[in-house]
Amino acid sequence: MPLKERILFEDNHLLIINKLAGELVQGDHTGDRPLLEKAREYIRDTYNKPGNVFCGLVHRLDRPTSGIVVFAKTSKALARMNKIFEQRDVAKTYYAVVQTKPSKAEDRLVHYLKKDAKKNKSFVRPAGDKQAKKAELTYRIKGESQRYFLIEVELHTGRHHQIRAQLAAIGSPIKGDLKYGFARSNHDASISLHAGRIQFKHPVGAELVDIKAINPGEDAIWRIFNPKILE
């Protein structure tokens, strides 16, 4: 899907895009073209801006995850958005598809996570582990199909692989997430985790920015659950 069709919001300060599952946000060792570069090229071509166009990355999503990514079009907006995220004055809602139904329809999960950089994975540790960081989220079951359940997640902290690790810790790993215990991969190597909504005060105008995005991926499970994301 062309990037222009995935733009969810744009003004003079911000560019918000619906990332595809499998799409890099920022460049890495693979050399694959990241969303950041595509966004920069879009700005350059659309507005005929010569030279090195400014496009600041406000936050990231894991490569196999889809959903909302916010970019800043000015250094002023980037600095203010960074502060908004640092102070957690932002509400982020994710949607995960799991096969094993959680024991509770809704709950607040608290774990302590320790990141293993070599394995690129986070592990649940005892609360007394000084190297582990407290991770909190609230979830509720939002929908179900014959085989799967849609889980709506509100993040209260922003830890590495937090949703993936915490749902796996309660016995409900995300569909396709081999790293955290799901039995098989998705056909496109994605995991069924989608950043579906973000809310924050605009960094310049101060009005509420409230963005929702259905999953744009090819996995058929999203065609069943996408209406629930927009409810």
# chains A, B, ... in the order shown; residues from 1 in each chain; ligands from 1
call {"tool": "select_by_dssp", "arguments": {"residues": "segment 1-225 of chain A", "states": "alpha helix (DSSP H)", "output": "NGL selection string"}}
result
:A and (35-46 or 75-86 or 162-169 or 220-225)
call {"tool": "residues_around", "arguments": {"residues": "Ile224 of chain A", "least_positions_apart": "5", "cutoff": "10 Å", "atoms": "only C-alpha atoms", "output": "JSON, numbers by chain"}}
result
{"A": [143, 144, 145, 150, 219]}
call {"tool": "closest_residue", "arguments": {"among": "A:Lys73, A:Phe149, A:His161, A:Lys92", "to": "Asp116 of chain A", "atoms": "only C-alpha atoms"}}
result
A:His161
call {"tool": "atom_distance", "arguments": {"atom1": "atom CA of Ala105 of chain A", "atom2": "atom CA of Tyr148 of chain A"}}
result
13.9 Å
call {"tool": "select_by_dssp", "arguments": {"residues": "chain A", "states": "strand (DSSP E)", "output": "NGL selection string"}}
result
:A and (7-10 or 14-19 or 56-57 or 66-72 or 90-98 or 106-116 or 121-125 or 133-144 or 149-155 or 193-201 or 208-212)
call {"tool": "closest_residue", "arguments": {"among": "A:Pro227, A:Gly158, A:Gly171, A:Gly217", "to": "Ala189 of chain A", "atoms": "only C-alpha atoms"}}
result
A:Gly217
call {"tool": "closest_residue", "arguments": {"among": "A:Lys142, A:Arg197, A:Arg159, A:Arg164", "to": "Lys228 of chain A", "atoms": "only C-alpha atoms"}}
result
A:Lys142
call {"tool": "residues_around", "arguments": {"residues": "Thr65 of chain A", "least_positions_apart": "3", "cutoff": "9 Å", "atoms": "only C-alpha atoms", "output": "list of chain:residue names"}}
result
A:Lys19, A:Leu20, A:Ala21, A:Gly22, A:Glu23, A:Leu61, A:Asp62, A:Ser190, A:Ile191, A:Ser192, A:Leu193, A:His194, A:Ala195
call {"tool": "write_last_selection", "arguments": {"atoms": "C-alpha atoms", "output": "tab-separated table (two decimals), in the first residue's frame"}}
result
chain	number	residue	atom	x	y	z
A	19	LYS	CA	2.95	1.39	9.54
A	20	LEU	CA	2.72	-1.94	7.76
A	21	ALA	CA	3.66	-5.11	9.62
A	22	GLY	CA	7.23	-6.01	8.64
A	23	GLU	CA	8.13	-2.43	7.79
A	61	LEU	CA	7.24	0.21	16.77
A	62	ASP	CA	8.76	-3.27	16.51
A	190	SER	CA	4.23	-10.44	11.26
A	191	ILE	CA	2.83	-10.72	14.74
A	192	SER	CA	-0.83	-9.86	15.36
A	193	LEU	CA	-0.15	-6.72	17.36
A	194	HIS	CA	-1.40	-3.35	16.14
A	195	ALA	CA	-0.99	0.18	17.50
call {"tool": "residues_around", "arguments": {"residues": "Asn52 of chain A", "least_positions_apart": "5", "cutoff": "12 Å", "atoms": "only C-alpha atoms", "output": "list in words"}}
result
Glu37, Arg40, Glu41, Ile43, Arg44 and Asp45 of chain A
call {"tool": "closest_residue", "arguments": {"among": "A:His13, A:Lys115, A:Lys201, A:Lys212", "to": "Lys76 of chain A", "atoms": "only C-alpha atoms"}}
result
A:His13
call {"tool": "residues_around", "arguments": {"residues": "Val69 of chain A", "least_positions_apart": "5", "cutoff": "10 Å", "atoms": "only C-alpha atoms", "output": "MDAnalysis selection string"}}
result
chainID A and resid 7:8 15:19 25 35:36 57:61 195 198
call {"tool": "closest_residue", "arguments": {"among": "A:Ser75, A:Arg33, A:Asn120, A:Ile221", "to": "Asn186 of chain A", "atoms": "only C-alpha atoms"}}
result
A:Ile221
call {"tool": "closest_residue", "arguments": {"among": "A:Gln26, A:Ser103, A:Leu155, A:Val97", "to": "Ala220 of chain A", "atoms": "only C-alpha atoms"}}
result
A:Val97
call {"tool": "residues_around", "arguments": {"residues": "Asp107 of chain A", "least_positions_apart": "6", "cutoff": "7 Å", "atoms": "only C-alpha atoms", "output": "ChimeraX atom specification"}}
result
/A:138-140
call {"tool": "write_last_selection", "arguments": {"atoms": "N, CA and C atoms", "output": "short mmCIF file (atom, residue, chain, number, x, y, z; two decimals), in the first residue's frame"}}
result
data_model
loop_
_atom_site.label_atom_id
_atom_site.label_comp_id
_atom_site.auth_asym_id
_atom_site.auth_seq_id
_atom_site.Cartn_x
_atom_site.Cartn_y
_atom_site.Cartn_z
N THR A 138 -3.12 -2.36 31.16
CA THR A 138 -4.50 -2.80 31.40
C THR A 138 -5.02 -3.41 30.10
N TYR A 139 -5.69 -4.54 30.21
CA TYR A 139 -6.25 -5.17 29.01
C TYR A 139 -7.72 -5.50 29.22
N ARG A 140 -8.41 -5.68 28.13
CA ARG A 140 -9.76 -6.24 28.17
C ARG A 140 -10.02 -7.00 26.88
#
call {"tool": "atom_distance", "arguments": {"atom1": "atom CA of Phe9 of chain A", "atom2": "atom CA of Ile163 of chain A"}}
result
25.4 Å
call {"tool": "decode", "arguments": {"residues": "segment 33-88 of chain A", "atoms": "C-alpha atoms", "output": "compact mmCIF listing (two decimals), in the first residue's frame"}}
result
# COMPACT_ATOMS: atom_id res chain seq x y z
CA ARG A 33 14.43 1.06 3.45
CA PRO A 34 12.77 2.35 6.63
CA LEU A 35 9.52 4.24 7.09
CA LEU A 36 11.48 7.28 8.30
CA GLU A 37 13.17 7.60 4.91
CA LYS A 38 9.87 7.09 3.08
CA ALA A 39 8.29 9.84 5.19
CA ARG A 40 11.19 12.18 4.48
CA GLU A 41 10.91 11.49 0.75
CA TYR A 42 7.15 12.09 0.85
CA ILE A 43 7.67 15.53 2.42
CA ARG A 44 10.43 16.41 -0.06
CA ASP A 45 8.41 15.37 -3.12
CA THR A 46 5.02 16.69 -2.01
CA TYR A 47 6.24 20.13 -1.02
CA ASN A 48 9.19 20.43 -3.44
CA LYS A 49 11.67 20.87 -0.64
CA PRO A 50 15.29 20.64 -1.83
CA GLY A 51 18.16 19.18 0.15
CA ASN A 52 18.01 17.37 3.45
CA VAL A 53 14.37 17.52 4.57
CA PHE A 54 13.69 17.52 8.32
CA CYS A 55 11.62 14.62 9.58
CA GLY A 56 11.97 13.63 13.22
CA LEU A 57 11.01 10.27 14.62
CA VAL A 58 8.95 10.64 17.81
CA HIS A 59 8.64 6.96 18.77
CA ARG A 60 9.11 3.45 17.35
CA LEU A 61 7.24 0.21 16.77
CA ASP A 62 8.76 -3.27 16.51
CA ARG A 63 9.24 -4.39 12.92
CA PRO A 64 6.63 -7.21 12.99
CA THR A 65 4.05 -4.88 14.56
CA SER A 66 1.72 -2.60 12.59
CA GLY A 67 0.07 0.68 13.42
CA ILE A 68 0.40 4.34 14.27
CA VAL A 69 3.80 6.06 14.09
CA VAL A 70 4.23 9.78 14.73
CA PHE A 71 6.79 11.94 12.93
CA ALA A 72 7.59 15.62 13.50
CA LYS A 73 8.03 17.93 10.51
CA THR A 74 9.86 20.63 12.48
CA SER A 75 12.51 20.59 15.20
CA LYS A 76 10.17 22.59 17.45
CA ALA A 77 7.45 19.98 17.12
CA LEU A 78 9.95 17.16 17.71
CA ALA A 79 11.25 18.71 20.94
CA ARG A 80 7.73 19.23 22.24
CA MET A 81 6.57 15.73 21.21
CA ASN A 82 9.61 14.21 22.90
CA LYS A 83 8.58 15.98 26.11
CA ILE A 84 4.99 14.77 25.75
CA PHE A 85 6.18 11.18 25.43
CA GLU A 86 8.76 11.49 28.22
CA GLN A 87 6.11 12.81 30.60
CA ARG A 88 3.67 10.13 29.38
